[in-house]
file final-v8.tsv (TSV, C-alpha atoms)
chain	number	residue	atom	x	y	z
F	1	MET	CA	33.94	-11.10	64.29
F	2	ASN	CA	31.46	-8.33	63.47
F	3	ASP	CA	32.22	-5.46	61.10
F	4	LEU	CA	32.34	-1.81	62.15
F	5	SER	CA	32.90	1.56	60.50
F	6	ILE	CA	34.20	4.63	62.34
F	7	TYR	CA	33.22	8.23	61.64
F	8	ILE	CA	35.31	11.06	63.13
F	9	HIS	CA	33.83	14.56	63.17
F	10	ILE	CA	36.09	17.60	62.86
F	11	PRO	CA	33.80	20.63	63.29
F	12	PHE	CA	36.19	23.41	62.29
F	13	CYS	CA	35.82	25.43	59.07
F	14	VAL	CA	37.58	28.51	57.75
F	15	ARG	CA	34.15	30.00	57.17
F	16	LYS	CA	30.68	28.51	56.86
F	17	CYS	CA	29.39	28.29	53.29
F	18	LEU	CA	26.16	30.20	52.69
F	19	TYR	CA	24.14	27.00	52.17
F	20	CYS	CA	25.63	24.98	55.05
F	21	ASP	CA	23.62	23.83	58.07
F	22	PHE	CA	26.16	21.23	59.22
F	23	LEU	CA	27.68	21.32	62.69
F	24	SER	CA	30.73	23.46	61.96
F	25	PHE	CA	32.34	26.72	63.05
F	26	PRO	CA	35.67	28.61	62.85
F	27	PRO	CA	38.41	27.36	65.20
F	28	VAL	CA	38.62	30.74	66.93
F	29	SER	CA	36.67	31.97	69.92
F	30	ASP	CA	36.95	35.55	68.67
F	31	PRO	CA	34.74	35.90	65.55
F	32	SER	CA	36.84	38.88	64.37
F	33	ALA	CA	39.99	36.72	64.15
F	34	ALA	CA	40.42	35.58	60.56
F	35	VAL	CA	41.57	32.18	59.45
F	36	CYS	CA	43.96	32.78	56.57
F	37	GLY	CA	44.33	30.20	53.84
F	38	ASN	CA	45.42	26.87	55.25
F	39	GLU	CA	46.94	28.21	58.46
F	40	LEU	CA	45.25	28.57	61.86
F	41	PRO	CA	45.73	31.87	63.69
F	42	GLU	CA	47.47	31.99	67.03
F	43	SER	CA	44.21	33.35	68.44
F	44	SER	CA	42.61	29.95	68.08
F	45	ASP	CA	42.95	29.81	71.88
F	46	LYS	CA	44.11	26.20	71.70
F	47	ARG	CA	40.57	25.27	70.69
F	48	VAL	CA	41.75	22.78	68.11
F	49	ASP	CA	44.32	21.10	70.35
F	50	SER	CA	41.77	20.83	73.16
F	51	TYR	CA	39.22	19.34	70.82
F	52	VAL	CA	41.63	16.75	69.45
F	53	ASN	CA	42.64	15.76	72.97
F	54	LEU	CA	38.97	15.24	73.86
F	55	LEU	CA	38.50	13.21	70.73
F	56	LEU	CA	41.48	10.99	71.55
F	57	GLU	CA	40.14	10.48	75.07
F	58	GLU	CA	36.72	9.55	73.68
F	59	LEU	CA	38.24	7.07	71.23
F	60	THR	CA	40.36	5.48	73.95
F	61	LYS	CA	37.60	5.16	76.54
F	62	ALA	CA	35.09	3.71	74.08
F	63	ALA	CA	37.48	1.14	72.59
F	64	PRO	CA	36.79	-1.78	74.99
F	65	ARG	CA	33.19	-1.88	73.78
F	66	TYR	CA	34.36	-2.81	70.30
F	67	ASN	CA	36.89	-5.54	71.04
F	68	GLU	CA	34.84	-8.01	69.03
F	69	TYR	CA	34.59	-5.79	65.95
F	70	GLN	CA	36.90	-5.33	62.99
F	71	VAL	CA	37.03	-1.85	61.45
F	72	LEU	CA	36.50	-1.90	57.68
F	73	SER	CA	36.36	1.86	57.07
F	74	ILE	CA	37.22	5.17	58.74
F	75	PHE	CA	35.89	8.53	57.61
F	76	PHE	CA	37.09	11.99	58.69
F	77	GLY	CA	34.22	14.39	58.04
F	78	GLY	CA	33.19	17.85	59.08
F	79	GLY	CA	33.55	20.72	58.96
F	80	THR	CA	36.91	20.72	57.24
F	81	PRO	CA	39.21	17.99	58.59
F	82	SER	CA	42.06	19.31	56.43
F	83	LEU	CA	42.05	22.52	58.49
F	84	LEU	CA	43.73	20.60	61.33
F	85	PRO	CA	47.40	21.50	61.78
F	86	GLY	CA	50.05	19.04	60.68
F	87	GLY	CA	50.37	16.03	62.93
F	88	GLU	CA	46.87	16.12	64.42
F	89	VAL	CA	45.39	13.71	61.88
F	90	SER	CA	48.31	11.36	62.48
F	91	ARG	CA	47.66	11.48	66.24
F	92	ILE	CA	44.06	10.49	65.68
F	93	MET	CA	44.94	7.66	63.30
F	94	GLU	CA	47.61	6.33	65.67
F	95	THR	CA	45.03	6.15	68.45
F	96	VAL	CA	42.47	4.40	66.27
F	97	ARG	CA	45.00	1.81	65.13
F	98	ALA	CA	46.28	1.30	68.69
F	99	TYR	CA	42.87	0.67	70.23
F	100	TYR	CA	40.74	-0.78	67.42
F	101	ARG	CA	41.11	-3.79	65.12
F	102	VAL	CA	41.58	-1.96	61.80
F	103	THR	CA	41.83	-4.35	58.86
F	104	ASP	CA	44.85	-4.13	56.56
F	105	ASP	CA	42.64	-3.17	53.61
F	106	ALA	CA	40.40	-0.69	55.46
F	107	GLU	CA	39.18	2.26	53.43
F	108	VAL	CA	40.26	5.48	55.19
F	109	THR	CA	38.80	8.73	53.83
F	110	ILE	CA	39.43	12.36	54.70
F	111	GLU	CA	37.33	15.28	53.46
F	112	VAL	CA	39.32	18.32	52.36
F	113	ASN	CA	38.56	21.77	51.02
F	114	PRO	CA	40.91	23.01	48.29
F	115	GLU	CA	42.14	26.12	50.10
F	116	THR	CA	43.39	24.06	53.07
F	117	VAL	CA	45.42	21.53	51.09
F	118	THR	CA	49.22	21.54	51.29
F	119	GLU	CA	51.92	19.13	50.21
F	120	SER	CA	52.98	18.48	53.78
F	121	LYS	CA	49.45	17.66	54.95
F	122	LEU	CA	48.92	15.27	52.04
F	123	ARG	CA	52.19	13.49	52.81
F	124	GLU	CA	51.09	13.24	56.44
F	125	TYR	CA	47.79	11.65	55.37
F	126	ILE	CA	49.53	9.05	53.22
F	127	THR	CA	51.97	8.20	56.02
F	128	ALA	CA	49.08	7.92	58.49
F	129	GLY	CA	47.39	5.33	56.28
F	130	ILE	CA	44.68	7.48	54.71
F	131	ASN	CA	44.06	6.04	51.27
F	132	ARG	CA	41.03	7.99	50.00
F	133	ILE	CA	40.49	11.73	49.75
F	134	SER	CA	37.27	13.62	49.08
F	135	ILE	CA	37.67	17.14	47.70
F	136	GLY	CA	34.82	19.63	47.92
F	137	LEU	CA	34.67	21.42	44.58
F	138	GLN	CA	30.89	21.99	44.12
F	139	SER	CA	31.31	23.92	40.84
F	140	ALA	CA	34.01	24.69	38.28
F	141	ASP	CA	32.49	28.14	37.71
F	142	ASP	CA	34.10	30.80	39.91
F	143	ASP	CA	31.01	33.02	39.90
F	144	GLU	CA	28.84	30.13	41.09
F	145	LEU	CA	31.35	29.36	43.84
F	146	GLU	CA	31.28	32.96	45.03
F	147	ARG	CA	27.47	33.02	45.15
F	148	ILE	CA	27.35	30.07	47.54
F	149	GLY	CA	30.12	31.40	49.76
F	150	ARG	CA	32.96	29.05	48.83
F	151	ILE	CA	36.36	30.62	49.50
F	152	HIS	CA	38.27	28.83	46.74
F	153	ASP	CA	38.23	29.20	42.97
F	154	TYR	CA	38.57	26.48	40.35
F	155	GLY	CA	42.30	27.07	39.97
F	156	THR	CA	42.83	26.43	43.69
F	157	PHE	CA	40.83	23.22	43.45
F	158	GLU	CA	42.79	22.04	40.41
F	159	ARG	CA	46.09	22.59	42.19
F	160	ALA	CA	44.83	20.72	45.25
F	161	TYR	CA	43.81	17.80	43.03
F	162	GLU	CA	47.23	17.74	41.36
F	163	LEU	CA	48.96	17.79	44.75
F	164	ALA	CA	46.85	14.85	45.91
F	165	ARG	CA	47.86	12.83	42.88
F	166	GLU	CA	51.51	13.76	43.32
F	167	ALA	CA	51.33	12.72	46.98
F	168	GLY	CA	50.19	9.26	45.94
F	169	PHE	CA	46.40	9.24	46.27
F	170	ARG	CA	44.86	6.72	43.88
F	171	ASN	CA	41.29	6.98	45.15
F	172	ILE	CA	39.90	10.52	44.88
F	173	ASN	CA	36.30	11.69	45.14
F	174	ILE	CA	35.10	15.08	43.92
F	175	ASP	CA	31.93	16.62	45.38
F	176	LEU	CA	29.66	18.57	43.03
F	177	MET	CA	26.41	20.47	43.46
F	178	ALA	CA	23.62	21.21	40.98
F	179	SER	CA	20.82	23.80	41.04
F	180	LEU	CA	23.07	26.55	42.36
F	181	PRO	CA	21.93	30.19	42.16
F	182	GLU	CA	22.11	31.51	38.58
F	183	GLN	CA	23.43	28.14	37.38
F	184	SER	CA	22.41	26.98	33.91
F	185	ILE	CA	22.34	23.51	32.43
F	186	ASP	CA	25.22	24.53	30.14
F	187	SER	CA	27.39	25.80	33.00
F	188	TYR	CA	26.69	22.63	34.97
F	189	LYS	CA	27.67	20.52	31.97
F	190	ARG	CA	30.95	22.44	31.71
F	191	THR	CA	31.64	21.59	35.35
F	192	LEU	CA	31.04	17.89	34.64
F	193	GLU	CA	33.33	18.01	31.62
F	194	LYS	CA	36.17	19.69	33.55
F	195	VAL	CA	35.88	17.20	36.40
F	196	VAL	CA	35.82	14.15	34.15
F	197	ARG	CA	38.97	15.34	32.36
F	198	LEU	CA	40.77	14.98	35.71
F	199	THR	CA	39.74	11.27	35.86
F	200	PRO	CA	38.83	10.98	39.57
F	201	GLU	CA	37.78	7.53	40.74
F	202	HIS	CA	34.54	8.73	42.31
F	203	ILE	CA	32.12	11.64	41.87
F	204	SER	CA	29.33	12.68	44.25
F	205	ALA	CA	26.73	15.01	42.73
F	206	TYR	CA	23.90	16.41	44.82
F	207	SER	CA	21.27	19.05	44.18
F	208	LEU	CA	21.43	22.12	46.42
F	209	THR	CA	18.87	22.07	49.21
F	210	LEU	CA	17.98	25.44	50.70
F	211	GLU	CA	18.00	24.76	54.42
F	212	GLU	CA	15.92	27.10	56.54
F	213	GLY	CA	18.02	29.48	58.61
F	214	THR	CA	21.08	29.47	56.34
F	215	PRO	CA	22.26	32.76	54.80
F	216	LEU	CA	21.46	31.53	51.28
F	217	TYR	CA	17.93	30.61	52.36
F	218	LYS	CA	17.44	34.13	53.67
F	219	ARG	CA	18.87	35.67	50.50
F	220	GLN	CA	17.22	33.41	47.95
F	221	ALA	CA	15.08	36.24	46.57
F	222	GLU	CA	18.28	37.87	45.28
F	223	TYR	CA	18.90	35.06	42.81
F	224	CYS	CA	17.28	33.10	40.05
F	225	PHE	CA	17.48	29.39	40.84
F	226	PRO	CA	17.07	26.59	38.29
F	227	SER	CA	13.49	25.35	38.01
F	228	GLU	CA	12.44	21.90	39.17
F	229	GLU	CA	12.46	20.77	35.53
F	230	GLU	CA	15.99	22.13	35.04
F	231	ASP	CA	17.11	20.41	38.25
F	232	ARG	CA	15.76	17.10	36.91
F	233	GLU	CA	17.52	17.73	33.61
F	234	MET	CA	20.82	18.34	35.43
F	235	TYR	CA	20.30	15.08	37.30
F	236	ARG	CA	19.62	13.14	34.08
F	237	LEU	CA	22.59	14.82	32.41
F	238	THR	CA	24.85	13.75	35.29
F	239	GLY	CA	23.91	10.09	34.98
F	240	GLU	CA	24.07	9.95	31.18
F	241	TYR	CA	27.29	11.91	30.79
F	242	LEU	CA	29.17	10.16	33.58
F	243	ALA	CA	28.03	6.75	32.31
F	244	SER	CA	29.43	7.61	28.87
F	245	CYS	CA	32.74	8.43	30.59
F	246	GLY	CA	33.03	5.15	32.50
F	247	TYR	CA	31.33	6.02	35.80
F	248	HIS	CA	28.43	3.89	36.95
F	249	ARG	CA	25.77	5.21	39.29
F	250	TYR	CA	25.61	2.86	42.26
F	251	GLU	CA	23.57	5.16	44.52
F	252	ILE	CA	21.15	7.96	43.78
F	253	SER	CA	23.82	10.67	43.90
F	254	ASN	CA	27.10	8.73	43.68
F	255	TYR	CA	29.11	7.56	40.69
F	256	ALA	CA	32.27	5.48	40.57
F	257	ARG	CA	34.65	3.63	38.34
F	258	ASP	CA	34.44	-0.12	38.89
F	259	GLY	CA	35.81	-1.08	42.29
F	260	TYR	CA	35.85	2.45	43.70
F	261	GLU	CA	32.42	2.63	45.33
F	262	CYS	CA	32.65	4.30	48.75
F	263	LYS	CA	32.69	1.43	51.25
F	264	HIS	CA	32.00	3.71	54.20
F	265	ASN	CA	28.85	5.26	52.77
F	266	MET	CA	27.57	1.85	51.69
F	267	VAL	CA	27.63	0.84	55.36
F	268	TYR	CA	25.04	3.57	56.01
F	269	TRP	CA	22.82	2.59	53.10
F	270	GLN	CA	23.01	-1.11	53.96
F	271	ARG	CA	22.42	-0.57	57.69
F	272	GLY	CA	25.80	-1.82	58.84
F	273	ASN	CA	27.37	-1.00	62.20
F	274	TYR	CA	28.98	2.42	62.50
F	275	VAL	CA	30.13	4.46	65.47
F	276	GLY	CA	30.70	8.21	65.42
F	277	PHE	CA	33.22	10.12	67.52
F	278	GLY	CA	33.43	13.85	68.02
F	279	LEU	CA	30.97	16.67	68.45
F	280	GLY	CA	27.43	15.73	67.37
F	281	ALA	CA	28.49	12.44	65.73
F	282	SER	CA	25.84	9.74	65.29
F	283	SER	CA	26.11	5.96	65.69
F	284	MET	CA	24.12	2.86	64.90
F	285	VAL	CA	25.40	-0.43	66.31
F	286	GLU	CA	23.32	-3.61	66.53
F	287	ASN	CA	20.09	-1.65	65.92
F	288	ALA	CA	20.79	0.86	68.68
F	289	ARG	CA	21.12	4.56	67.78
F	290	TRP	CA	22.65	7.41	69.73
F	291	SER	CA	24.39	10.74	69.17
F	292	VAL	CA	27.22	12.57	70.86
F	293	PRO	CA	26.20	15.95	72.34
F	294	ALA	CA	26.41	18.78	69.78
F	295	ASP	CA	27.27	21.43	72.38
F	296	MET	CA	30.98	21.73	73.21
F	297	GLU	CA	30.50	21.98	76.99
F	298	ARG	CA	28.15	18.99	77.01
F	299	TYR	CA	30.56	17.09	74.77
F	300	GLN	CA	33.40	17.72	77.20
F	301	ASN	CA	31.27	16.49	80.09
F	302	HIS	CA	30.26	13.45	78.07
F	303	VAL	CA	33.89	12.50	77.38
F	304	GLU	CA	34.96	13.07	80.97
F	305	ASN	CA	32.14	10.87	82.27
F	306	LEU	CA	32.42	8.21	79.57
F	307	SER	CA	32.56	4.73	81.02
F	308	THR	CA	35.40	2.42	80.06
F	309	ASN	CA	33.78	-0.76	81.35
F	310	GLY	CA	33.06	-2.17	77.92
F	311	GLY	CA	29.32	-2.13	78.48
F	312	THR	CA	26.57	-1.87	75.90
F	313	PRO	CA	27.53	0.53	73.06
F	314	GLY	CA	25.88	3.86	73.63
F	315	SER	CA	24.84	3.09	77.19
F	316	ASP	CA	26.34	6.42	78.32
F	317	MET	CA	24.09	8.35	75.95
F	318	THR	CA	20.83	9.79	77.20
F	319	ASP	CA	19.24	9.70	73.75
F	320	ARG	CA	20.01	6.04	73.05
F	321	GLN	CA	17.20	4.42	71.08
F	322	ILE	CA	16.66	0.72	70.36
F	323	LEU	CA	15.01	0.44	66.96
F	324	THR	CA	11.87	-1.66	66.80
F	325	ALA	CA	11.49	-4.34	64.13
F	326	ARG	CA	9.15	-2.03	62.22
F	327	GLU	CA	11.66	0.83	62.32
F	328	GLN	CA	14.40	-1.50	61.13
F	329	MET	CA	12.24	-2.63	58.20
F	330	GLU	CA	11.47	0.96	57.24
F	331	GLU	CA	15.16	1.85	57.24
F	332	TYR	CA	16.06	-1.30	55.36
F	333	MET	CA	13.75	-0.27	52.54
F	334	PHE	CA	14.21	3.48	52.25
F	335	LEU	CA	17.97	3.34	52.70
F	336	GLY	CA	18.41	0.25	50.54
F	337	LEU	CA	16.37	1.74	47.71
F	338	ARG	CA	18.95	4.53	47.43
F	339	MET	CA	21.25	1.89	45.96
F	340	MET	CA	20.79	1.18	42.27
F	341	CYS	CA	20.88	-2.56	42.98
F	342	GLY	CA	17.89	-2.09	45.30
F	343	VAL	CA	16.99	-4.49	48.09
F	344	GLY	CA	17.00	-8.29	47.98
F	345	GLU	CA	13.88	-10.21	48.94
F	346	ARG	CA	15.83	-13.15	50.35
F	347	GLU	CA	18.09	-10.84	52.36
F	348	PHE	CA	15.00	-9.13	53.78
F	349	GLU	CA	13.54	-12.45	54.90
F	350	ASP	CA	16.87	-13.54	56.38
F	351	GLU	CA	17.06	-10.27	58.32
F	352	PHE	CA	13.48	-10.10	59.60
F	353	GLY	CA	12.18	-13.67	59.53
F	354	GLN	CA	9.29	-12.95	57.20
F	355	PRO	CA	8.94	-12.44	53.45
F	356	MET	CA	9.07	-8.94	52.00
F	357	GLU	CA	5.83	-9.80	50.22
F	358	THR	CA	4.06	-10.30	53.55
F	359	VAL	CA	5.14	-6.89	54.87
F	360	TYR	CA	5.29	-4.72	51.77
F	361	GLY	CA	3.62	-6.70	49.00
F	362	GLU	CA	0.78	-4.23	48.44
F	363	VAL	CA	3.09	-1.21	48.42
F	364	ILE	CA	5.49	-2.86	45.99
F	365	GLU	CA	2.67	-3.89	43.67
F	366	THR	CA	1.28	-0.34	43.65
F	367	MET	CA	4.67	1.25	43.03
F	368	CYS	CA	5.47	-1.24	40.25
F	369	GLY	CA	2.08	-0.53	38.70
F	370	GLN	CA	2.90	3.17	38.67
F	371	GLY	CA	6.24	2.48	37.01
F	372	LEU	CA	8.24	3.67	40.02
F	373	LEU	CA	9.71	0.32	41.11
F	374	VAL	CA	11.07	-2.66	39.23
F	375	ARG	CA	10.82	-6.16	40.70
F	376	GLU	CA	13.02	-8.75	39.03
F	377	GLN	CA	15.39	-11.59	39.88
F	378	GLY	CA	14.50	-11.44	43.55
F	379	ARG	CA	15.26	-7.75	43.98
F	380	VAL	CA	13.23	-4.55	44.20
F	381	ARG	CA	14.77	-1.34	42.89
F	382	LEU	CA	13.82	2.12	41.72
F	383	SER	CA	12.98	2.59	38.06
F	384	GLY	CA	14.31	5.58	36.13
F	385	ARG	CA	11.10	7.46	36.88
F	386	GLY	CA	11.24	6.21	40.47
F	387	ILE	CA	14.66	7.83	40.91
F	388	ASP	CA	13.14	11.18	39.93
F	389	LEU	CA	10.42	10.66	42.55
F	390	SER	CA	12.55	8.79	45.06
F	391	ASN	CA	11.44	10.75	48.14
F	392	TYR	CA	7.81	9.95	47.36
F	393	VAL	CA	8.53	6.27	46.72
F	394	MET	CA	10.58	5.80	49.89
F	395	ALA	CA	7.91	7.46	52.00
F	396	GLN	CA	5.47	4.73	50.96
F	397	PHE	CA	7.48	2.21	52.98
F	398	LEU	CA	6.83	4.00	56.27
F	399	PHE	CA	4.22	2.11	58.27
F	400	ASP	CA	2.36	5.33	59.01
F	401	GLU	CA	1.73	5.62	55.28
F	402	ILE	CA	0.69	1.98	54.95
F	403	GLU	CA	-1.73	2.12	57.87

call {"tool": "encode", "arguments": {"input": "final-v8.tsv", "output": "structure tokens"}}
result
Amino acid sequence: MNDLSIYIHIPFCVRKCLYCDFLSFPPVSDPSAAVCGNELPESSDKRVDSYVNLLLEELTKAAPRYNEYQVLSIFFGGGTPSLLPGGEVSRIMETVRAYYRVTDDAEVTIEVNPETVTESKLREYITAGINRISIGLQSADDDELERIGRIHDYGTFERAYELAREAGFRNINIDLMASLPEQSIDSYKRTLEKVVRLTPEHISAYSLTLEEGTPLYKRQAEYCFPSEEEDREMYRLTGEYLASCGYHRYEISNYARDGYECKHNMVYWQRGNYVGFGLGASSMVENARWSVPADMERYQNHVENLSTNGGTPGSDMTDRQILTAREQMEEYMFLGLRMMCGVGEREFEDEFGQPMETVYGEVIETMCGQGLLVREQGRVRLSGRGIDLSNYVMAQFLFDEIE
């Protein structure tokens, strides 16, 4: 039986953060209607309930296609999944378990924002079988949080973390961001120290990327941002400090205590099968890619017209793409190199029927010569310097660059 991971997109947010370009929006059709704390306003016009019903219909109709797959991980992302009213997450999980072969030890993650966390929701998650929670902190400095448009402060986050522990969560991730406006190396280090004192099992730490079109991108002249050298120093500090506290870096931006690596995200980096449900969700199953429409009206039409005949996964999608062997090799390398263990030469040959040396020997030799890759014991991985220049290194494995 083949393995499968499921991603479920919940697009609703209390308010979009100033740096966010993800597919998310408030659950109200009237922009003037506020979403207060962790409660949805009555003026939500049943948007959330309608969306969840569509999602359940999509999950049910698609299920016959995956009869021969076992589900190893489920991930509720967004948006802010924890903004859903009580009971909605349980409805979704009940449908997934009813129609899909979910393994007994499946990793089930939900993303939450601190201001939307309540005791009752956390108890619901535990009862529904969710066993991993990812809390978006970003910074322990309240001024830094305000500058990027977060609507919680550190105290709210800390209470949410305590509630998650009290509810029974034993696998918690905390999301952090570096290179925030007006952030210093010292303030970033204080954030790391506060987070480590809480002893989460997993920490994700990414540098802020200013995405064109976001409010923060438009207002960047108002702030002083850390320099590229300071950003690199924050990155090095993250790895060194977290390692000294018992967290090992297993991917460029992810750190975990032994045994708590995120199984779901590793499926992406190792090119496993995953299927996405909900607005704008992406899938990759047996080297075929497709995406759900990102427009609500088109999404509704897609769900209503979705075939239940158990045909080829993604056959209903107009943008379905079958990856060529060359595209698969490119992905294998630039996704696999995100992992600190790198990519295995034998695994590459087993996957593609030809040695890695035949396809990428010259590139690997050049990158090793520049001190950006290390080749040892049948594996190729980024060096310390290669991690700093990872985007450059990974680009070298695109065939357009080689040719």

call {"tool": "atom_distance", "arguments": {"input": "final-v8.tsv", "atom1": "atom CA of Arg320 of chain F", "atom2": "atom CA of Ser283 of chain F"}}
result
9.6 Å

call {"tool": "atom_distance", "arguments": {"input": "final-v8.tsv", "atom1": "atom CA of Pro114 of chain F", "atom2": "atom CA of Glu193 of chain F"}}
result
19.0 Å

call {"tool": "closest_residue", "arguments": {"input": "final-v8.tsv", "among": "F:Pro226, F:Gly86, F:Gly278, F:Pro355", "to": "Phe12 of chain F", "atoms": "all atoms listed in the file"}}
result
F:Gly278

call {"tool": "residues_around", "arguments": {"input": "final-v8.tsv", "residues": "Ser390 of chain F", "least_positions_apart": "2", "cutoff": "10 Å", "atoms": "all atoms listed in the file", "output": "ChimeraX atom specification"}}
result
/F:252,334,337-338,372-373,382-388,392-395

call {"tool": "residues_around", "arguments": {"input": "final-v8.tsv", "residues": "segment 229-233 of chain F", "least_positions_apart": "4", "cutoff": "10 Å", "atoms": "only C-alpha atoms", "output": "PyMOL selection string"}}
result
chain F and resi 178-180+183-185+207-208+225+237-238+388

call {"tool": "write_last_selection", "arguments": {"input": "final-v8.tsv", "atoms": "C-alpha atoms", "output": "compact mmCIF listing (two decimals), in the frame of the given file"}}
result
# COMPACT_ATOMS: atom_id res chain seq x y z
CA ALA F 178 23.62 21.21 40.98
CA SER F 179 20.82 23.80 41.04
CA LEU F 180 23.07 26.55 42.36
CA GLN F 183 23.43 28.14 37.38
CA SER F 184 22.41 26.98 33.91
CA ILE F 185 22.34 23.51 32.43
CA SER F 207 21.27 19.05 44.18
CA LEU F 208 21.43 22.12 46.42
CA PHE F 225 17.48 29.39 40.84
CA LEU F 237 22.59 14.82 32.41
CA THR F 238 24.85 13.75 35.29
CA ASP F 388 13.14 11.18 39.93

call {"tool": "residues_around", "arguments": {"input": "final-v8.tsv", "residues": "Leu72 of chain F", "least_positions_apart": "2", "cutoff": "9 Å", "atoms": "all atoms listed in the file", "output": "JSON, numbers by chain"}}
result
{"F": [3, 4, 5, 6, 70, 74, 101, 102, 103, 104, 105, 106, 107, 108, 263, 264]}

call {"tool": "residues_near_point", "arguments": {"input": "final-v8.tsv", "point": "(18.2, 30.5, 46.4)", "cutoff": "10 Å", "atoms": "all atoms listed in the file", "output": "number ranges by chain"}}
result
F: 19, 147-148, 179-182, 208-211, 215-226

call {"tool": "residues_near_point", "arguments": {"input": "final-v8.tsv", "point": "(34.2, 20.3, 55.4)", "cutoff": "10 Å", "atoms": "all atoms listed in the file", "output": "list of chain:residue names"}}
result
F:His9, F:Ile10, F:Pro11, F:Phe12, F:Cys13, F:Val14, F:Arg15, F:Lys16, F:Cys17, F:Cys20, F:Phe22, F:Leu23, F:Ser24, F:Phe76, F:Gly77, F:Gly78, F:Gly79, F:Thr80, F:Pro81, F:Ser82, F:Leu83, F:Ile110, F:Glu111, F:Val112, F:Asn113, F:Ser134, F:Ile135, F:Gly136

call {"tool": "residues_around", "arguments": {"input": "final-v8.tsv", "residues": "Gln300 of chain F", "least_positions_apart": "4", "cutoff": "12 Å", "atoms": "only C-alpha atoms", "output": "JSON, numbers by chain"}}
result
{"F": [50, 51, 52, 53, 54, 55, 56, 57, 58, 278, 279, 280, 292, 293, 294, 295, 296, 304, 305, 306]}
